[in-house]
Amino acid sequence: MQLDVLGDASEMPSEIQRRPLSYAQPVPRHLVHRAAVAEVFITDSARTGEHAFRVAAQWPRDHALYGPPVGGASDPLLFAETLRQAMVYLAHVHYEIPLTHQFLGKACTFEITDLDALRTHGAPHEVELEVTWHWTPECRAPHRFGLRVEAVLLVDGLACGSGSLHVTTMDKRLYARLRGGERPAAGPVRPVGALRRLSAVSVGRQRPGDSVVGLGRDGRWQILVDPQHAIYFDHPSDHLPMMVMLESIRQVGHAVQRTSDDSVRGRYQMVGASGTFHAFAELDAPLYVVPRRPLVAAGTQRRFDARVDLVQNDAVVAEFTATWQRTAHLVPRRASVPVQASAAEVESLLDAGAKRMSHKLRTLSDKPSRAVGAMK
């Protein structure tokens, strides 16, 4: 397969390949398929081989969605989003894949192997990705390209994660044929049956609009996301993006872990996932997150994997294995409800916790001398 028009490393001067990467400013937003400049993390890239690259990115200390840090560490999903942006940027800048092409995910993986390396220290993280590019058999230039990128994440020069993306790109004509012509813009998916969106705190988020899951009385988790959300849908899409799928799985995990009936509970964070995409996740039909293996740790294990499917119209549109790691010491539980709790039970448990905290605060205010002593 001849793709000489898409770049030749032999034409790159050696000094460019060795130059330091710049973190001075983000790359143009359209080169990573973002509408908001604030959502662009890639800052630079340099070619180091025929199909090898170094890519620089800066992660914010705080972010409306990927933050603030849990346990003082940057959000692992920042790596997944940075990998996606790096792939798109390399495709357009180094391989001249047209900006008008649609990118369709076939498979993805990411994993943080050293969570401590993501701890913030009073400044934004300046990270680097070592990326290797591979063409795949789906490649039929210039209308269709198949590609896979593999990346190692480095923070302060030390490897702390790895990931990959397998993607097909195609021009507008092929995409329209695949999708059956123009598709109307979809509105928010309506809840099915007795179901409502869970509160942000119950799914590990802070802002009410960032919750994307609801739990029905039948124990099924439905994705409820507004296509007008400023970050989940930074730009219009006719299907559910990969990053929203990952966020949905993470939120279901947090909700299940909050209602675990274990006698002790650790604080866990999703530090990786491996997924395969079988079909488009449509916005105009109910989409469910279906755990196939428990989303809670067995005993006091530090790290565990959980299999999760995304199901729509009784068909699996994507399947994932999510990796969770404990990020805090185990703490005793004072109350528990079944793992397959209803939305009302989840909210009731959270309300009870808030009342206990309020009672503690009132107790401390009644004993000012003791409380001040404890502050030393």
# chains A, B, ... in the order shown; residues from 1 in each chain; ligands from 1
call {"tool": "select_by_dssp", "arguments": {"residues": "range 125-287 of chain A", "states": "helix (DSSP H, G or I)", "output": "tab-separated table (two decimals) with N, CA, C and O atoms, in the first residue's frame"}}
result
chain	number	residue	atom	x	y	z
A	172	LYS	N	-17.30	12.09	3.82
A	172	LYS	CA	-18.71	12.33	4.11
A	172	LYS	C	-19.63	11.45	3.30
A	172	LYS	O	-20.69	11.01	3.77
A	173	ARG	N	-19.25	11.16	2.07
A	173	ARG	CA	-20.12	10.34	1.21
A	173	ARG	C	-20.24	8.92	1.77
A	173	ARG	O	-21.35	8.38	1.86
A	174	LEU	N	-19.12	8.32	2.14
A	174	LEU	CA	-19.16	6.97	2.70
A	174	LEU	C	-19.89	6.96	4.04
A	174	LEU	O	-20.63	6.02	4.34
A	175	TYR	N	-19.67	8.00	4.84
A	175	TYR	CA	-20.32	8.05	6.15
A	175	TYR	C	-21.84	8.17	5.99
A	175	TYR	O	-22.60	7.51	6.71
A	176	ALA	N	-22.28	9.00	5.06
A	176	ALA	CA	-23.72	9.16	4.84
A	176	ALA	C	-24.33	7.84	4.37
A	176	ALA	O	-25.44	7.49	4.77
A	177	ARG	N	-23.60	7.11	3.54
A	177	ARG	CA	-24.10	5.81	3.08
A	177	ARG	C	-24.20	4.84	4.26
A	177	ARG	O	-25.17	4.08	4.39
A	178	LEU	N	-23.17	4.86	5.13
A	178	LEU	CA	-23.17	3.98	6.30
A	178	LEU	C	-24.33	4.29	7.23
A	178	LEU	O	-24.95	3.39	7.80
A	179	ARG	N	-24.61	5.58	7.40
A	179	ARG	CA	-25.64	6.01	8.34
A	179	ARG	C	-27.02	6.07	7.72
A	179	ARG	O	-28.00	6.43	8.38
A	201	VAL	N	-23.65	13.70	43.22
A	201	VAL	CA	-22.79	13.15	44.27
A	201	VAL	C	-22.86	11.63	44.31
A	201	VAL	O	-21.87	10.97	44.64
A	202	SER	N	-23.99	11.04	43.94
A	202	SER	CA	-24.13	9.59	44.00
A	202	SER	C	-23.37	8.89	42.88
A	202	SER	O	-23.17	7.68	42.93
A	203	VAL	N	-22.93	9.64	41.86
A	203	VAL	CA	-22.18	9.04	40.75
A	203	VAL	C	-20.79	9.63	40.64
A	203	VAL	O	-20.13	9.52	39.59
A	208	PRO	N	-24.85	19.06	38.98
A	208	PRO	CA	-26.05	18.25	38.69
A	208	PRO	C	-26.14	17.81	37.23
A	208	PRO	O	-26.49	16.67	36.94
A	209	GLY	N	-25.80	18.69	36.29
A	209	GLY	CA	-25.93	18.34	34.89
A	209	GLY	C	-24.93	17.35	34.38
A	209	GLY	O	-25.04	16.86	33.25
A	210	ASP	N	-23.91	16.99	35.20
A	210	ASP	CA	-22.88	16.06	34.77
A	210	ASP	C	-23.25	14.60	35.02
A	210	ASP	O	-22.54	13.69	34.59
A	242	MET	N	-17.35	8.11	22.40
A	242	MET	CA	-16.62	7.15	23.22
A	242	MET	C	-16.41	7.68	24.63
A	242	MET	O	-16.58	6.93	25.61
A	243	MET	N	-16.04	8.95	24.76
A	243	MET	CA	-15.74	9.49	26.08
A	243	MET	C	-16.97	9.51	26.98
A	243	MET	O	-16.87	9.35	28.19
A	244	VAL	N	-18.16	9.67	26.40
A	244	VAL	CA	-19.38	9.64	27.20
A	244	VAL	C	-19.67	8.20	27.64
A	244	VAL	O	-20.17	7.97	28.75
A	245	MET	N	-19.35	7.23	26.80
A	245	MET	CA	-19.49	5.83	27.20
A	245	MET	C	-18.62	5.53	28.42
A	245	MET	O	-19.08	4.93	29.40
A	246	LEU	N	-17.36	5.96	28.37
A	246	LEU	CA	-16.45	5.72	29.49
A	246	LEU	C	-16.96	6.41	30.76
A	246	LEU	O	-16.91	5.83	31.85
A	247	GLU	N	-17.44	7.64	30.62
A	247	GLU	CA	-17.96	8.36	31.77
A	247	GLU	C	-19.19	7.66	32.35
A	247	GLU	O	-19.36	7.59	33.58
A	248	SER	N	-20.06	7.13	31.49
A	248	SER	CA	-21.26	6.44	31.95
A	248	SER	C	-20.89	5.21	32.77
A	248	SER	O	-21.49	4.95	33.83
A	249	ILE	N	-19.92	4.45	32.28
A	249	ILE	CA	-19.48	3.25	33.00
A	249	ILE	C	-18.89	3.63	34.35
A	249	ILE	O	-19.16	3.00	35.37
A	250	ARG	N	-18.10	4.69	34.36
A	250	ARG	CA	-17.51	5.13	35.61
A	250	ARG	C	-18.58	5.55	36.61
A	250	ARG	O	-18.51	5.20	37.80
A	251	GLN	N	-19.60	6.27	36.14
A	251	GLN	CA	-20.64	6.74	37.06
A	251	GLN	C	-21.45	5.58	37.62
A	251	GLN	O	-21.81	5.59	38.81
A	252	VAL	N	-21.74	4.59	36.80
A	252	VAL	CA	-22.45	3.41	37.32
A	252	VAL	C	-21.61	2.72	38.38
A	252	VAL	O	-22.11	2.28	39.42
A	253	GLY	N	-20.29	2.63	38.13
A	253	GLY	CA	-19.41	2.02	39.12
A	253	GLY	C	-19.44	2.75	40.44
A	253	GLY	O	-19.53	2.13	41.51
A	254	HIS	N	-19.39	4.07	40.40
A	254	HIS	CA	-19.44	4.85	41.65
A	254	HIS	C	-20.77	4.64	42.38
A	254	HIS	O	-20.81	4.49	43.60
A	255	ALA	N	-21.87	4.62	41.61
A	255	ALA	CA	-23.18	4.44	42.23
A	255	ALA	C	-23.30	3.07	42.89
A	255	ALA	O	-23.80	2.94	44.01
A	256	VAL	N	-22.83	2.03	42.20
A	256	VAL	CA	-22.90	0.68	42.75
A	256	VAL	C	-22.03	0.57	44.00
A	256	VAL	O	-22.43	-0.02	45.02
A	257	GLN	N	-20.83	1.11	43.94
A	257	GLN	CA	-19.92	1.01	45.09
A	257	GLN	C	-20.46	1.75	46.30
A	257	GLN	O	-20.24	1.33	47.44
A	258	ARG	N	-21.20	2.84	46.08
A	258	ARG	CA	-21.81	3.56	47.19
A	258	ARG	C	-22.89	2.73	47.88
A	258	ARG	O	-23.21	2.95	49.04
call {"tool": "residues_around", "arguments": {"residues": "range 115-118 of chain A", "least_positions_apart": "6", "cutoff": "12 Å", "atoms": "only C-alpha atoms", "output": "JSON list (two decimals) with all heavy atoms, in the first residue's frame"}}
result
[["chain", "number", "residue", "atom", "x", "y", "z"],
["A", 59, "TRP", "N", -2.39, 19.17, 31.15],
["A", 59, "TRP", "CA", -3.65, 18.87, 31.84],
["A", 59, "TRP", "C", -3.93, 19.95, 32.88],
["A", 59, "TRP", "O", -3.05, 20.32, 33.66],
["A", 59, "TRP", "CB", -3.55, 17.52, 32.55],
["A", 59, "TRP", "CG", -3.49, 16.35, 31.62],
["A", 59, "TRP", "CD1", -3.70, 16.36, 30.27],
["A", 59, "TRP", "CD2", -3.20, 15.00, 31.97],
["A", 59, "TRP", "NE1", -3.57, 15.09, 29.76],
["A", 59, "TRP", "CE2", -3.26, 14.23, 30.78],
["A", 59, "TRP", "CE3", -2.90, 14.36, 33.16],
["A", 59, "TRP", "CZ2", -3.03, 12.87, 30.76],
["A", 59, "TRP", "CZ3", -2.67, 13.00, 33.16],
["A", 59, "TRP", "CH2", -2.73, 12.25, 31.97],
["A", 60, "PRO", "N", -5.15, 20.46, 32.93],
["A", 60, "PRO", "CA", -5.50, 21.48, 33.91],
["A", 60, "PRO", "C", -5.49, 20.94, 35.33],
["A", 60, "PRO", "O", -5.77, 19.76, 35.56],
["A", 60, "PRO", "CB", -6.90, 21.92, 33.48],
["A", 60, "PRO", "CG", -7.46, 20.72, 32.77],
["A", 60, "PRO", "CD", -6.30, 20.08, 32.08],
["A", 61, "ARG", "N", -5.15, 21.81, 36.28],
["A", 61, "ARG", "CA", -5.20, 21.40, 37.69],
["A", 61, "ARG", "C", -6.63, 21.13, 38.13],
["A", 61, "ARG", "O", -6.87, 20.30, 39.01],
["A", 61, "ARG", "CB", -4.59, 22.48, 38.57],
["A", 61, "ARG", "CG", -3.10, 22.69, 38.38],
["A", 61, "ARG", "CD", -2.61, 23.86, 39.21],
["A", 61, "ARG", "NE", -2.86, 23.65, 40.64],
["A", 61, "ARG", "CZ", -2.72, 24.61, 41.55],
["A", 61, "ARG", "NH1", -2.37, 25.83, 41.18],
["A", 61, "ARG", "NH2", -2.95, 24.35, 42.82],
["A", 69, "PRO", "N", -8.92, 17.09, 41.36],
["A", 69, "PRO", "CA", -8.24, 15.80, 41.55],
["A", 69, "PRO", "C", -8.81, 14.99, 42.70],
["A", 69, "PRO", "O", -9.18, 15.54, 43.73],
["A", 69, "PRO", "CB", -6.78, 16.21, 41.81],
["A", 69, "PRO", "CG", -6.65, 17.58, 41.24],
["A", 69, "PRO", "CD", -8.00, 18.22, 41.44],
["A", 70, "VAL", "N", -8.88, 13.67, 42.50],
["A", 70, "VAL", "CA", -9.28, 12.75, 43.56],
["A", 70, "VAL", "C", -8.02, 12.26, 44.25],
["A", 70, "VAL", "O", -7.14, 11.71, 43.61],
["A", 70, "VAL", "CB", -10.07, 11.55, 42.98],
["A", 70, "VAL", "CG1", -10.38, 10.55, 44.09],
["A", 70, "VAL", "CG2", -11.35, 12.03, 42.33],
["A", 71, "GLY", "N", -7.92, 12.50, 45.57],
["A", 71, "GLY", "CA", -6.72, 12.10, 46.29],
["A", 71, "GLY", "C", -5.49, 12.85, 45.82],
["A", 71, "GLY", "O", -4.37, 12.36, 45.94],
["A", 72, "GLY", "N", -5.69, 14.04, 45.22],
["A", 72, "GLY", "CA", -4.56, 14.83, 44.78],
["A", 72, "GLY", "C", -3.98, 14.42, 43.46],
["A", 72, "GLY", "O", -2.89, 14.89, 43.08],
["A", 73, "ALA", "N", -4.66, 13.55, 42.70],
["A", 73, "ALA", "CA", -4.15, 13.07, 41.43],
["A", 73, "ALA", "C", -5.07, 13.47, 40.29],
["A", 73, "ALA", "O", -6.29, 13.58, 40.46],
["A", 73, "ALA", "CB", -3.99, 11.55, 41.45],
["A", 74, "SER", "N", -4.49, 13.72, 39.13],
["A", 74, "SER", "CA", -5.29, 14.05, 37.95],
["A", 74, "SER", "C", -6.20, 12.90, 37.57],
["A", 74, "SER", "O", -5.91, 11.73, 37.84],
["A", 74, "SER", "CB", -4.37, 14.40, 36.77],
["A", 74, "SER", "OG", -3.68, 15.60, 36.99],
["A", 75, "ASP", "N", -7.30, 13.21, 36.93],
["A", 75, "ASP", "CA", -8.30, 12.24, 36.51],
["A", 75, "ASP", "C", -7.73, 11.32, 35.43],
["A", 75, "ASP", "O", -7.26, 11.79, 34.40],
["A", 75, "ASP", "CB", -9.52, 12.99, 35.97],
["A", 75, "ASP", "CG", -10.71, 12.09, 35.71],
["A", 75, "ASP", "OD1", -10.51, 10.88, 35.48],
["A", 75, "ASP", "OD2", -11.83, 12.60, 35.72],
["A", 76, "PRO", "N", -7.75, 9.99, 35.62],
["A", 76, "PRO", "CA", -7.26, 9.08, 34.59],
["A", 76, "PRO", "C", -7.94, 9.24, 33.23],
["A", 76, "PRO", "O", -7.33, 8.95, 32.19],
["A", 76, "PRO", "CB", -7.55, 7.70, 35.19],
["A", 76, "PRO", "CG", -7.48, 7.91, 36.67],
["A", 76, "PRO", "CD", -8.11, 9.28, 36.87],
["A", 77, "LEU", "N", -9.21, 9.70, 33.22],
["A", 77, "LEU", "CA", -9.88, 9.88, 31.94],
["A", 77, "LEU", "C", -9.25, 11.01, 31.12],
["A", 77, "LEU", "O", -9.49, 11.10, 29.91],
["A", 77, "LEU", "CB", -11.37, 10.13, 32.13],
["A", 77, "LEU", "CG", -12.24, 8.91, 32.40],
["A", 77, "LEU", "CD1", -13.72, 9.27, 32.34],
["A", 77, "LEU", "CD2", -11.95, 7.78, 31.43],
["A", 78, "LEU", "N", -8.46, 11.87, 31.75],
["A", 78, "LEU", "CA", -7.71, 12.86, 30.98],
["A", 78, "LEU", "C", -6.76, 12.17, 30.01],
["A", 78, "LEU", "O", -6.53, 12.66, 28.90],
["A", 78, "LEU", "CB", -6.92, 13.78, 31.92],
["A", 78, "LEU", "CG", -7.68, 14.95, 32.55],
["A", 78, "LEU", "CD1", -6.84, 15.60, 33.63],
["A", 78, "LEU", "CD2", -8.07, 15.97, 31.49],
["A", 79, "PHE", "N", -6.21, 11.04, 30.41],
["A", 79, "PHE", "CA", -5.33, 10.28, 29.51],
["A", 79, "PHE", "C", -6.10, 9.75, 28.31],
["A", 79, "PHE", "O", -5.65, 9.85, 27.17],
["A", 79, "PHE", "CB", -4.66, 9.14, 30.28],
["A", 79, "PHE", "CG", -3.81, 8.23, 29.42],
["A", 79, "PHE", "CD1", -3.09, 8.73, 28.34],
["A", 79, "PHE", "CD2", -3.73, 6.87, 29.69],
["A", 79, "PHE", "CE1", -2.31, 7.89, 27.55],
["A", 79, "PHE", "CE2", -2.95, 6.03, 28.92],
["A", 79, "PHE", "CZ", -2.25, 6.54, 27.84],
["A", 124, "PRO", "N", -0.16, 22.87, 36.51],
["A", 124, "PRO", "CA", -0.75, 21.92, 35.56],
["A", 124, "PRO", "C", 0.26, 20.83, 35.18],
["A", 124, "PRO", "O", 1.47, 21.08, 35.12],
["A", 124, "PRO", "CB", -1.08, 22.80, 34.35],
["A", 124, "PRO", "CG", -1.17, 24.18, 34.89],
["A", 124, "PRO", "CD", -0.18, 24.26, 36.01],
["A", 125, "HIS", "N", -0.24, 19.64, 34.94],
["A", 125, "HIS", "CA", 0.62, 18.54, 34.51],
["A", 125, "HIS", "C", 1.04, 18.75, 33.05],
["A", 125, "HIS", "O", 0.19, 18.94, 32.17],
["A", 125, "HIS", "CB", -0.12, 17.21, 34.62],
["A", 125, "HIS", "CG", 0.23, 16.44, 35.84],
["A", 125, "HIS", "ND1", -0.70, 15.76, 36.60],
["A", 125, "HIS", "CD2", 1.43, 16.21, 36.46],
["A", 125, "HIS", "CE1", -0.11, 15.17, 37.62],
["A", 125, "HIS", "NE2", 1.18, 15.44, 37.55],
["A", 126, "GLU", "N", 2.33, 18.70, 32.80],
["A", 126, "GLU", "CA", 2.84, 18.69, 31.43],
["A", 126, "GLU", "C", 3.26, 17.26, 31.12],
["A", 126, "GLU", "O", 4.26, 16.76, 31.64],
["A", 126, "GLU", "CB", 4.01, 19.67, 31.29],
["A", 126, "GLU", "CG", 3.57, 21.12, 31.47],
["A", 126, "GLU", "CD", 4.69, 22.12, 31.27],
["A", 126, "GLU", "OE1", 5.87, 21.70, 31.23],
["A", 126, "GLU", "OE2", 4.39, 23.32, 31.12],
["A", 127, "VAL", "N", 2.46, 16.60, 30.31],
["A", 127, "VAL", "CA", 2.66, 15.18, 30.05],
["A", 127, "VAL", "C", 3.13, 14.98, 28.61],
["A", 127, "VAL", "O", 3.03, 15.87, 27.76],
["A", 127, "VAL", "CB", 1.37, 14.37, 30.30],
["A", 127, "VAL", "CG1", 0.83, 14.64, 31.70],
["A", 127, "VAL", "CG2", 0.31, 14.67, 29.25],
["A", 153, "LEU", "N", 2.23, 6.79, 28.20],
["A", 153, "LEU", "CA", 2.10, 8.07, 28.89],
["A", 153, "LEU", "C", 3.29, 8.28, 29.81],
["A", 153, "LEU", "O", 3.64, 7.41, 30.60],
["A", 153, "LEU", "CB", 0.81, 8.09, 29.72],
["A", 153, "LEU", "CG", 0.61, 9.28, 30.66],
["A", 153, "LEU", "CD1", 0.42, 10.57, 29.87],
["A", 153, "LEU", "CD2", -0.58, 9.04, 31.59],
["A", 154, "LEU", "N", 3.93, 9.46, 29.67],
["A", 154, "LEU", "CA", 5.05, 9.81, 30.53],
["A", 154, "LEU", "C", 4.74, 11.10, 31.30],
["A", 154, "LEU", "O", 4.25, 12.08, 30.72],
["A", 154, "LEU", "CB", 6.33, 10.02, 29.71],
["A", 154, "LEU", "CG", 6.88, 8.79, 28.99],
["A", 154, "LEU", "CD1", 6.41, 8.80, 27.55],
["A", 154, "LEU", "CD2", 8.39, 8.76, 29.05],
["A", 155, "VAL", "N", 5.02, 11.08, 32.60],
["A", 155, "VAL", "CA", 4.92, 12.26, 33.45],
["A", 155, "VAL", "C", 6.29, 12.44, 34.10],
["A", 155, "VAL", "O", 6.81, 11.51, 34.73],
["A", 155, "VAL", "CB", 3.83, 12.11, 34.53],
["A", 155, "VAL", "CG1", 3.83, 13.29, 35.47],
["A", 155, "VAL", "CG2", 2.46, 11.95, 33.87],
["A", 156, "ASP", "N", 6.87, 13.60, 33.92],
["A", 156, "ASP", "CA", 8.23, 13.86, 34.42],
["A", 156, "ASP", "C", 9.23, 12.83, 33.88],
["A", 156, "ASP", "O", 10.16, 12.42, 34.58],
["A", 156, "ASP", "CB", 8.26, 13.87, 35.95],
["A", 156, "ASP", "CG", 7.41, 14.99, 36.53],
["A", 156, "ASP", "OD1", 7.31, 16.06, 35.89],
["A", 156, "ASP", "OD2", 6.83, 14.80, 37.62],
["A", 157, "GLY", "N", 8.98, 12.39, 32.66],
["A", 157, "GLY", "CA", 9.89, 11.46, 32.01],
["A", 157, "GLY", "C", 9.71, 10.01, 32.38],
["A", 157, "GLY", "O", 10.41, 9.13, 31.84],
["A", 158, "LEU", "N", 8.79, 9.71, 33.29],
["A", 158, "LEU", "CA", 8.58, 8.33, 33.75],
["A", 158, "LEU", "C", 7.28, 7.78, 33.19],
["A", 158, "LEU", "O", 6.24, 8.44, 33.23],
["A", 158, "LEU", "CB", 8.55, 8.28, 35.27],
["A", 158, "LEU", "CG", 9.81, 8.77, 35.99],
["A", 158, "LEU", "CD1", 9.61, 8.74, 37.50],
["A", 158, "LEU", "CD2", 11.01, 7.90, 35.60],
["A", 159, "ALA", "N", 7.33, 6.56, 32.67],
["A", 159, "ALA", "CA", 6.13, 5.92, 32.12],
["A", 159, "ALA", "C", 5.17, 5.56, 33.24],
["A", 159, "ALA", "O", 5.57, 4.95, 34.24],
["A", 159, "ALA", "CB", 6.51, 4.67, 31.34],
["A", 160, "CYS", "N", 3.90, 5.94, 33.08],
["A", 160, "CYS", "CA", 2.91, 5.65, 34.13],
["A", 160, "CYS", "C", 1.59, 5.19, 33.54],
["A", 160, "CYS", "O", 0.59, 5.07, 34.26],
["A", 160, "CYS", "CB", 2.68, 6.87, 35.02],
["A", 160, "CYS", "SG", 2.11, 8.33, 34.13],
["A", 161, "GLY", "N", 1.53, 4.93, 32.23],
["A", 161, "GLY", "CA", 0.29, 4.46, 31.62],
["A", 161, "GLY", "C", 0.51, 4.08, 30.17],
["A", 161, "GLY", "O", 1.55, 4.39, 29.57],
["A", 268, "TYR", "N", -12.67, 3.84, 45.43],
["A", 268, "TYR", "CA", -12.06, 3.31, 44.22],
["A", 268, "TYR", "C", -12.21, 4.31, 43.08],
["A", 268, "TYR", "O", -13.15, 5.11, 43.03],
["A", 268, "TYR", "CB", -12.71, 1.98, 43.83],
["A", 268, "TYR", "CG", -12.30, 0.83, 44.72],
["A", 268, "TYR", "CD1", -12.93, 0.63, 45.94],
["A", 268, "TYR", "CD2", -11.27, -0.02, 44.36],
["A", 268, "TYR", "CE1", -12.54, -0.41, 46.77],
["A", 268, "TYR", "CE2", -10.88, -1.07, 45.18],
["A", 268, "TYR", "CZ", -11.52, -1.26, 46.38],
["A", 268, "TYR", "OH", -11.13, -2.29, 47.21],
["A", 269, "GLN", "N", -11.27, 4.25, 42.16],
["A", 269, "GLN", "CA", -11.27, 5.11, 41.00],
["A", 269, "GLN", "C", -11.06, 4.25, 39.76],
["A", 269, "GLN", "O", -10.28, 3.30, 39.78],
["A", 269, "GLN", "CB", -10.14, 6.14, 41.12],
["A", 269, "GLN", "CG", -10.17, 7.23, 40.07],
["A", 269, "GLN", "CD", -9.15, 8.32, 40.37],
["A", 269, "GLN", "OE1", -8.29, 8.16, 41.23],
["A", 269, "GLN", "NE2", -9.22, 9.42, 39.66],
["A", 270, "MET", "N", -11.76, 4.59, 38.67],
["A", 270, "MET", "CA", -11.58, 3.85, 37.43],
["A", 270, "MET", "C", -10.27, 4.34, 36.78],
["A", 270, "MET", "O", -10.17, 5.49, 36.38],
["A", 270, "MET", "CB", -12.75, 4.07, 36.48],
["A", 270, "MET", "CG", -12.79, 3.05, 35.33],
["A", 270, "MET", "SD", -14.28, 3.17, 34.30],
["A", 270, "MET", "CE", -13.79, 4.47, 33.16],
["A", 271, "VAL", "N", -9.29, 3.45, 36.71],
["A", 271, "VAL", "CA", -7.97, 3.82, 36.21],
["A", 271, "VAL", "C", -7.68, 3.25, 34.83],
["A", 271, "VAL", "O", -6.59, 3.46, 34.29],
["A", 271, "VAL", "CB", -6.87, 3.38, 37.19],
["A", 271, "VAL", "CG1", -7.01, 4.11, 38.53],
["A", 271, "VAL", "CG2", -6.89, 1.87, 37.40],
["A", 272, "GLY", "N", -8.63, 2.55, 34.25],
["A", 272, "GLY", "CA", -8.41, 2.00, 32.92],
["A", 272, "GLY", "C", -9.65, 1.34, 32.37],
["A", 272, "GLY", "O", -10.62, 1.08, 33.11],
["A", 303, "ARG", "N", -7.14, -3.72, 43.53],
["A", 303, "ARG", "CA", -7.42, -3.46, 42.12],
["A", 303, "ARG", "C", -8.29, -4.59, 41.59],
["A", 303, "ARG", "O", -8.07, -5.75, 41.92],
["A", 303, "ARG", "CB", -6.10, -3.37, 41.37],
["A", 303, "ARG", "CG", -6.12, -2.72, 39.98],
["A", 303, "ARG", "CD", -4.68, -2.64, 39.47],
["A", 303, "ARG", "NE", -4.59, -2.12, 38.11],
["A", 303, "ARG", "CZ", -4.24, -0.88, 37.81],
["A", 303, "ARG", "NH1", -3.96, -0.03, 38.78],
["A", 303, "ARG", "NH2", -4.17, -0.48, 36.56],
["A", 324, "TRP", "N", -10.53, -0.88, 38.15],
["A", 324, "TRP", "CA", -10.70, 0.02, 39.30],
["A", 324, "TRP", "C", -9.57, -0.21, 40.29],
["A", 324, "TRP", "O", -9.10, -1.33, 40.49],
["A", 324, "TRP", "CB", -12.05, -0.25, 39.98],
["A", 324, "TRP", "CG", -13.22, 0.09, 39.13],
["A", 324, "TRP", "CD1", -13.74, -0.66, 38.11],
["A", 324, "TRP", "CD2", -14.01, 1.28, 39.20],
["A", 324, "TRP", "NE1", -14.81, -0.01, 37.55],
["A", 324, "TRP", "CE2", -15.00, 1.18, 38.19],
["A", 324, "TRP", "CE3", -13.98, 2.40, 40.02],
["A", 324, "TRP", "CZ2", -15.94, 2.18, 37.99],
["A", 324, "TRP", "CZ3", -14.92, 3.39, 39.82],
["A", 324, "TRP", "CH2", -15.89, 3.28, 38.81],
["A", 325, "GLN", "N", -9.16, 0.88, 40.94],
["A", 325, "GLN", "CA", -8.09, 0.81, 41.94],
["A", 325, "GLN", "C", -8.49, 1.60, 43.18],
["A", 325, "GLN", "O", -9.05, 2.69, 43.07],
["A", 325, "GLN", "CB", -6.78, 1.37, 41.37],
["A", 325, "GLN", "CG", -5.62, 1.34, 42.37],
["A", 325, "GLN", "CD", -4.32, 1.79, 41.73],
["A", 325, "GLN", "OE1", -4.02, 1.43, 40.59],
["A", 325, "GLN", "NE2", -3.54, 2.58, 42.45],
["A", 326, "ARG", "N", -8.18, 1.04, 44.35],
["A", 326, "ARG", "CA", -8.49, 1.74, 45.60],
["A", 326, "ARG", "C", -7.53, 2.91, 45.78],
["A", 326, "ARG", "O", -6.33, 2.78, 45.59],
["A", 326, "ARG", "CB", -8.37, 0.78, 46.79],
["A", 326, "ARG", "CG", -8.95, 1.35, 48.08],
["A", 326, "ARG", "CD", -9.00, 0.31, 49.19],
["A", 326, "ARG", "NE", -7.68, -0.06, 49.64],
["A", 326, "ARG", "CZ", -7.20, -1.28, 49.64],
["A", 326, "ARG", "NH1", -7.95, -2.28, 49.20],
["A", 326, "ARG", "NH2", -5.98, -1.56, 50.08],
["A", 327, "THR", "N", -8.08, 4.06, 46.13],
["A", 327, "THR", "CA", -7.27, 5.26, 46.27],
["A", 327, "THR", "C", -7.31, 5.83, 47.67],
["A", 327, "THR", "O", -6.79, 6.90, 47.91],
["A", 327, "THR", "CB", -7.74, 6.36, 45.29],
["A", 327, "THR", "OG1", -9.12, 6.65, 45.57],
["A", 327, "THR", "CG2", -7.60, 5.90, 43.86],
["A", 328, "ALA", "N", -7.93, 5.11, 48.62],
["A", 328, "ALA", "CA", -7.99, 5.60, 50.00],
["A", 328, "ALA", "C", -8.05, 4.40, 50.93],
["A", 328, "ALA", "O", -8.34, 3.28, 50.51],
["A", 328, "ALA", "CB", -9.21, 6.50, 50.21]]
call {"tool": "atom_distance", "arguments": {"atom1": "CA of Trp135 in chain A", "atom2": "CA of Leu165 in chain A"}}
result
11.8 Å
call {"tool": "residues_around", "arguments": {"residues": "Pro294 in chain A", "least_positions_apart": "3", "cutoff": "8 Å", "atoms": "only C-alpha atoms", "output": "list of chain:residue names"}}
result
A:Pro291, A:Ala297, A:Ala306, A:Arg307
